[in-house]
Amino acid sequence: MTTKILRHFFTISIMSVLAFLFVPAIGGKAADAAPVHTNVSSAKKGGSQLITYKLTLDKTDVTDGRVEIGYNGDILELDSNSQGIGFSEEDVNVKKANGKDVLSYAFVNDDKKSAGGTLITLKFKVKDEVFKQNTAIDTQIISINNEDEEVLGNTSLSDTFSAGKSKLKTPEISDITQSVLGVYITWKKDSDADGYYLYRSTSEKDGYVQIAKLSLLSTYLDLSVDNKQTYYYKLVAYRGSGEKRDLSEESAPKSVTIKKLWGLLD
């Protein structure tokens, strides 16, 4: 390894300590600064959102470089990283800087290398508890060099995208009527919801008890009602199960007063 390359490696190592503390990221969807480019894509796997980040390099003569990639660790969980081009020495580590999780990638080649393609690929999982919001992956090019010639240095790029699941809509009871056998409750199903909890009380403000959990249906017939009694009903939508279960806000209560029908509700 030449003295020039060692000097570059030392210089960019010092600069990396300062990069995410003093250099602001540039917002926006486009992230290009020739000869480097970034791309962020999103995909669904099961109930999870997966984010793939790629940093690519146009075919360029290089000897060494260092890049830092910052992201919000409260939203994104790093699942894997891989290097695509292959240099004589490569180093990847993750640290905290200025409230971000930062992945640092440095490379040095023994000789000048004509390189092009994917420098690094990062794969993230969006954390289960995250609701839909905008976030960014910020790329700080500290330095990419061809011996004494700087190919690109001190450049900030940012990829902004939407991450997380949508919040469940507050359900609404569309109709509540007395039938011959009991009370018939209907509502419109939300495609984001896995099902609904139905609650009932004899008081509008409190005392609600769950009387049904429904996944496929958007109707319910309440048979256990008494004549001349007023009942109040509320709905709560749910998604998932266990600790990963999401709940909507409660629907506004709707009521019905039972009236005797042919002796069936005595």
# chains A, B, ... in the order shown; residues from 1 in each chain; ligands from 1
call {"tool": "residues_around", "arguments": {"residues": "Lys113 (chain A)", "least_positions_apart": "2", "cutoff": "6 Å", "atoms": "only C-alpha atoms", "output": "VMD selection string"}}
result
chain A and resid 61 to 62 115
call {"tool": "select_by_dssp", "arguments": {"residues": "region 95-190 of chain A", "states": "strand (DSSP E or B)", "output": "NGL selection string"}}
result
:A and (95-97 or 100-126 or 131 or 133-146 or 149-163 or 165 or 173-178 or 183-187)
call {"tool": "closest_residue", "arguments": {"among": "A:Ile75, A:Ile69, A:Ile211, A:Val180", "to": "Thr139 (chain A)", "atoms": "only C-alpha atoms"}}
result
A:Ile69
call {"tool": "residues_around", "arguments": {"residues": "region 43-58 of chain A", "least_positions_apart": "4", "cutoff": "10 Å", "atoms": "only C-alpha atoms", "output": "MDAnalysis selection string"}}
result
chainID A and resid 31:39 67 69 76:85 114:128 137 139 159 161 163:165 240
call {"tool": "write_last_selection", "arguments": {"atoms": "N, CA and C atoms", "output": "compact mmCIF listing (two decimals), in the first residue's frame"}}
result
# COMPACT_ATOMS: atom_id res chain seq x y z
N ALA A 31 -30.90 12.08 -5.13
CA ALA A 31 -29.65 11.93 -4.40
C ALA A 31 -28.57 11.51 -5.39
N ASP A 32 -28.04 12.49 -6.09
CA ASP A 32 -27.02 12.24 -7.10
C ASP A 32 -25.94 13.30 -6.99
N ALA A 33 -24.70 12.86 -7.00
CA ALA A 33 -23.56 13.77 -7.08
C ALA A 33 -22.47 12.98 -7.79
N ALA A 34 -22.48 13.07 -9.12
CA ALA A 34 -21.58 12.26 -9.93
C ALA A 34 -20.16 12.31 -9.38
N PRO A 35 -19.51 11.15 -9.24
CA PRO A 35 -19.90 9.86 -9.82
C PRO A 35 -20.67 8.94 -8.88
N VAL A 36 -21.23 9.46 -7.75
CA VAL A 36 -21.98 8.59 -6.85
C VAL A 36 -23.47 8.89 -6.94
N HIS A 37 -24.26 7.85 -6.66
CA HIS A 37 -25.72 7.95 -6.71
C HIS A 37 -26.29 7.07 -5.60
N THR A 38 -27.41 7.51 -5.04
CA THR A 38 -28.10 6.68 -4.06
C THR A 38 -29.50 6.36 -4.54
N ASN A 39 -30.03 5.26 -4.02
CA ASN A 39 -31.39 4.85 -4.36
C ASN A 39 -31.99 4.15 -3.16
N VAL A 67 -17.36 6.84 3.38
CA VAL A 67 -18.74 7.31 3.28
C VAL A 67 -19.43 7.02 4.61
N ILE A 69 -23.39 6.87 6.37
CA ILE A 69 -24.81 6.79 6.04
C ILE A 69 -25.60 6.86 7.34
N LEU A 76 -35.92 2.80 11.71
CA LEU A 76 -35.32 1.75 10.88
C LEU A 76 -34.39 0.88 11.71
N GLU A 77 -34.47 -0.42 11.46
CA GLU A 77 -33.56 -1.39 12.09
C GLU A 77 -32.70 -2.02 11.00
N LEU A 78 -31.39 -1.83 11.09
CA LEU A 78 -30.48 -2.37 10.07
C LEU A 78 -30.50 -3.89 10.13
N ASP A 79 -30.82 -4.50 8.99
CA ASP A 79 -30.93 -5.96 8.92
C ASP A 79 -29.67 -6.58 8.32
N SER A 80 -29.10 -5.94 7.29
CA SER A 80 -27.89 -6.47 6.68
C SER A 80 -27.17 -5.39 5.89
N ASN A 81 -25.87 -5.61 5.63
CA ASN A 81 -25.12 -4.73 4.74
C ASN A 81 -24.18 -5.60 3.91
N SER A 82 -23.94 -5.17 2.69
CA SER A 82 -23.04 -5.91 1.81
C SER A 82 -22.30 -4.94 0.90
N GLN A 83 -21.06 -5.29 0.58
CA GLN A 83 -20.23 -4.46 -0.28
C GLN A 83 -20.15 -5.12 -1.66
N GLY A 84 -20.29 -4.30 -2.70
CA GLY A 84 -20.44 -4.87 -4.03
C GLY A 84 -19.19 -4.90 -4.89
N ILE A 85 -18.31 -3.91 -4.78
CA ILE A 85 -17.19 -3.82 -5.73
C ILE A 85 -16.02 -4.67 -5.28
N SER A 114 -10.01 0.69 -11.41
CA SER A 114 -11.09 1.20 -12.24
C SER A 114 -12.37 0.50 -11.79
N ALA A 115 -13.19 1.21 -11.01
CA ALA A 115 -14.32 0.58 -10.33
C ALA A 115 -15.64 1.23 -10.75
N GLY A 116 -16.67 0.43 -10.81
CA GLY A 116 -18.01 0.92 -11.09
C GLY A 116 -19.02 -0.11 -10.64
N GLY A 117 -20.16 0.36 -10.15
CA GLY A 117 -21.20 -0.56 -9.67
C GLY A 117 -21.65 -0.17 -8.29
N THR A 118 -22.13 -1.16 -7.52
CA THR A 118 -22.66 -0.90 -6.19
C THR A 118 -21.56 -0.91 -5.16
N LEU A 119 -21.38 0.22 -4.50
CA LEU A 119 -20.40 0.29 -3.40
C LEU A 119 -20.90 -0.46 -2.17
N ILE A 120 -22.15 -0.15 -1.77
CA ILE A 120 -22.69 -0.78 -0.57
C ILE A 120 -24.22 -0.84 -0.66
N THR A 121 -24.76 -1.93 -0.13
CA THR A 121 -26.21 -2.12 -0.04
C THR A 121 -26.59 -2.32 1.42
N LEU A 122 -27.57 -1.56 1.88
CA LEU A 122 -28.08 -1.70 3.24
C LEU A 122 -29.55 -2.12 3.17
N LYS A 123 -29.92 -3.06 4.02
CA LYS A 123 -31.32 -3.49 4.09
C LYS A 123 -31.83 -3.23 5.50
N PHE A 124 -32.99 -2.59 5.57
CA PHE A 124 -33.59 -2.21 6.85
C PHE A 124 -34.98 -2.82 6.98
N LYS A 125 -35.37 -3.06 8.23
CA LYS A 125 -36.76 -3.35 8.56
C LYS A 125 -37.34 -2.11 9.24
N VAL A 126 -38.55 -1.75 8.85
CA VAL A 126 -39.24 -0.67 9.56
C VAL A 126 -39.81 -1.28 10.84
N LYS A 127 -39.54 -0.66 11.96
CA LYS A 127 -39.94 -1.23 13.25
C LYS A 127 -41.46 -1.34 13.34
N ASP A 128 -41.92 -2.41 14.01
CA ASP A 128 -43.35 -2.73 14.04
C ASP A 128 -44.19 -1.63 14.65
N ILE A 137 -32.72 8.78 4.75
CA ILE A 137 -31.39 8.20 4.87
C ILE A 137 -30.42 9.22 4.28
N THR A 139 -26.67 10.51 3.26
CA THR A 139 -25.37 10.01 2.84
C THR A 139 -24.35 11.14 2.86
N ASP A 159 -32.11 10.95 0.94
CA ASP A 159 -33.26 10.27 0.32
C ASP A 159 -34.40 10.26 1.33
N PHE A 161 -38.36 9.39 2.31
CA PHE A 161 -39.38 8.42 1.92
C PHE A 161 -40.35 8.22 3.09
N ALA A 163 -42.25 5.79 5.74
CA ALA A 163 -42.04 4.52 6.41
C ALA A 163 -43.09 4.32 7.49
N GLY A 164 -43.48 3.07 7.70
CA GLY A 164 -44.43 2.76 8.77
C GLY A 164 -45.81 2.43 8.26
N LYS A 165 -46.60 1.91 9.14
CA LYS A 165 -47.96 1.48 8.80
C LYS A 165 -48.95 2.63 9.01
N GLY A 240 -53.44 -7.09 13.66
CA GLY A 240 -52.39 -7.87 14.30
C GLY A 240 -52.91 -8.56 15.55
call {"tool": "residues_around", "arguments": {"residues": "Val225 (chain A)", "least_positions_apart": "6", "cutoff": "12 Å", "atoms": "only C-alpha atoms", "output": "number ranges by chain"}}
result
A: 178-184, 200-202, 211, 231-232, 256-260, 264-266
call {"tool": "closest_residue", "arguments": {"among": "A:Thr219, A:Ser248, A:Ser241, A:Ser224", "to": "Ile176 (chain A)", "atoms": "only C-alpha atoms"}}
result
A:Thr219
call {"tool": "closest_residue", "arguments": {"among": "A:Ser41, A:Ser166, A:Ser218, A:Ser255", "to": "Thr186 (chain A)", "atoms": "only C-alpha atoms"}}
result
A:Ser218
call {"tool": "residues_around", "arguments": {"residues": "Ala193 (chain A)", "least_positions_apart": "4", "cutoff": "10 Å", "atoms": "only C-alpha atoms", "output": "list of chain:residue names"}}
result
A:Lys167, A:Leu168, A:Lys169, A:Pro171, A:Lys189, A:Ser215, A:Val236, A:Ala237, A:Tyr238, A:Arg239, A:Gly240, A:Asp246, A:Leu247, A:Ser248
call {"tool": "decode", "arguments": {"residues": "region 52-105 of chain A", "atoms": "C-alpha atoms", "output": "mmCIF file, in the first residue's frame"}}
result
data_model
loop_
_atom_site.group_PDB
_atom_site.id
_atom_site.type_symbol
_atom_site.label_atom_id
_atom_site.label_comp_id
_atom_site.auth_asym_id
_atom_site.auth_seq_id
_atom_site.Cartn_x
_atom_site.Cartn_y
_atom_site.Cartn_z
ATOM 1 C CA THR A 52 -33.296 -1.226 0.582
ATOM 2 C CA TYR A 53 -30.616 1.446 0.206
ATOM 3 C CA LYS A 54 -27.947 1.333 -2.526
ATOM 4 C CA LEU A 55 -24.922 3.554 -3.033
ATOM 5 C CA THR A 56 -23.503 3.191 -6.538
ATOM 6 C CA LEU A 57 -20.409 4.501 -8.273
ATOM 7 C CA ASP A 58 -19.996 5.350 -11.942
ATOM 8 C CA LYS A 59 -16.920 3.712 -13.447
ATOM 9 C CA THR A 60 -14.082 5.730 -11.963
ATOM 10 C CA ASP A 61 -10.402 5.323 -11.091
ATOM 11 C CA VAL A 62 -10.222 5.182 -7.271
ATOM 12 C CA THR A 63 -7.741 4.228 -4.562
ATOM 13 C CA ASP A 64 -9.624 4.948 -1.328
ATOM 14 C CA GLY A 65 -12.708 6.531 0.155
ATOM 15 C CA ARG A 66 -14.994 6.893 3.121
ATOM 16 C CA VAL A 67 -18.744 7.310 3.277
ATOM 17 C CA GLU A 68 -21.118 7.656 6.235
ATOM 18 C CA ILE A 69 -24.812 6.794 6.038
ATOM 19 C CA GLY A 70 -27.115 8.145 8.741
ATOM 20 C CA TYR A 71 -30.653 6.991 9.571
ATOM 21 C CA ASN A 72 -33.219 7.197 12.359
ATOM 22 C CA GLY A 73 -32.741 4.104 14.512
ATOM 23 C CA ASP A 74 -36.115 4.665 16.171
ATOM 24 C CA ILE A 75 -37.747 3.987 12.793
ATOM 25 C CA LEU A 76 -35.321 1.754 10.885
ATOM 26 C CA GLU A 77 -33.564 -1.386 12.087
ATOM 27 C CA LEU A 78 -30.482 -2.368 10.071
ATOM 28 C CA ASP A 79 -30.930 -5.961 8.916
ATOM 29 C CA SER A 80 -27.887 -6.474 6.678
ATOM 30 C CA ASN A 81 -25.122 -4.733 4.741
ATOM 31 C CA SER A 82 -23.042 -5.913 1.810
ATOM 32 C CA GLN A 83 -20.226 -4.463 -0.279
ATOM 33 C CA GLY A 84 -20.441 -4.869 -4.029
ATOM 34 C CA ILE A 85 -17.194 -3.816 -5.728
ATOM 35 C CA GLY A 86 -14.486 -5.329 -3.524
ATOM 36 C CA PHE A 87 -11.316 -3.478 -2.534
ATOM 37 C CA SER A 88 -8.076 -4.615 -0.907
ATOM 38 C CA GLU A 89 -9.306 -3.464 2.502
ATOM 39 C CA GLU A 90 -12.827 -2.539 3.596
ATOM 40 C CA ASP A 91 -14.193 -1.539 6.970
ATOM 41 C CA VAL A 92 -17.820 -1.218 8.078
ATOM 42 C CA ASN A 93 -19.011 -0.163 11.527
ATOM 43 C CA VAL A 94 -22.116 1.367 13.086
ATOM 44 C CA LYS A 95 -22.049 4.152 15.654
ATOM 45 C CA LYS A 96 -24.200 6.908 17.134
ATOM 46 C CA ALA A 97 -23.624 10.509 16.049
ATOM 47 C CA ASN A 98 -25.748 13.606 16.566
ATOM 48 C CA GLY A 99 -28.843 11.563 17.486
ATOM 49 C CA LYS A 100 -28.588 9.260 14.475
ATOM 50 C CA ASP A 101 -27.437 5.745 13.831
ATOM 51 C CA VAL A 102 -24.533 6.067 11.403
ATOM 52 C CA LEU A 103 -22.961 3.332 9.306
ATOM 53 C CA SER A 104 -19.392 4.159 8.304
ATOM 54 C CA TYR A 105 -17.905 2.493 5.218
#
